[in-house]
Amino acid sequence: MSEQPERPAEPVLITDAQLSYEEELAIRKRRYKITMGMRIPCMILAAVFYQIPWLAVTLLVISIPLPWIAVLIANDRLPNKASKPNRYQPERPALESREHPVIEGPNR
């Protein structure tokens with residue numbers, strides 16, 4: 001019976017393919033909706049806390065740049081993965097480390 005080399009625990013990555021355009025667009029749309037969804041509660045809370053002026057103004061000030069931030073986040077590309085993938089590396093025999101005879105040509 002011949003011994004087989006142990007397989008790595010992680011699967012071997014055969015491509016560096018990125019997410020499809022549709023998947024990336026869906027993620028960006030979700031980010032936009034979440035960011036814009038935070039604006040309405042901020043404005044409602046500002047109306048609820050109108051008797052506490054500093055809190056109401058703070059909530060309004062937070063809600064003003066949210067559409068701009070949402071557009072910037074939605075138009076930004078997703079970051080690349082920072083992981084070190086497990087790529088296939090074939091075994092290569094090492095070169096011999098002994099002395100090799102040198103054949104010299106005729107002296108002129």
# chains A, B, ... in the order shown; residues from 1 in each chain; ligands from 1
>>> select_by_dssp(residues="stretch 35-71 of chain A", states="helix (DSSP H, G or I)", output="number ranges by chain")
A: 35-37, 39-48, 53-63, 66-71
>>> atom_distance(atom1="atom CA of A:Ile62", atom2="atom CA of A:Val48")
15.3 Å
>>> atom_distance(atom1="atom CA of A:Leu78", atom2="atom CA of A:Arg31")
11.0 Å
>>> closest_residue(among="A:Glu24, A:Glu99, A:Glu91, A:Glu104", to="A:Arg77", atoms="only C-alpha atoms")
A:Glu24
>>> residues_around(residues="A:Tyr32", least_positions_apart="6", cutoff="12 Å", atoms="only C-alpha atoms", output="ChimeraX atom specification")
/A:25-26,38-39,66-76
>>> atom_distance(atom1="atom CA of A:Ile34", atom2="atom CA of A:Leu55")
22.3 Å
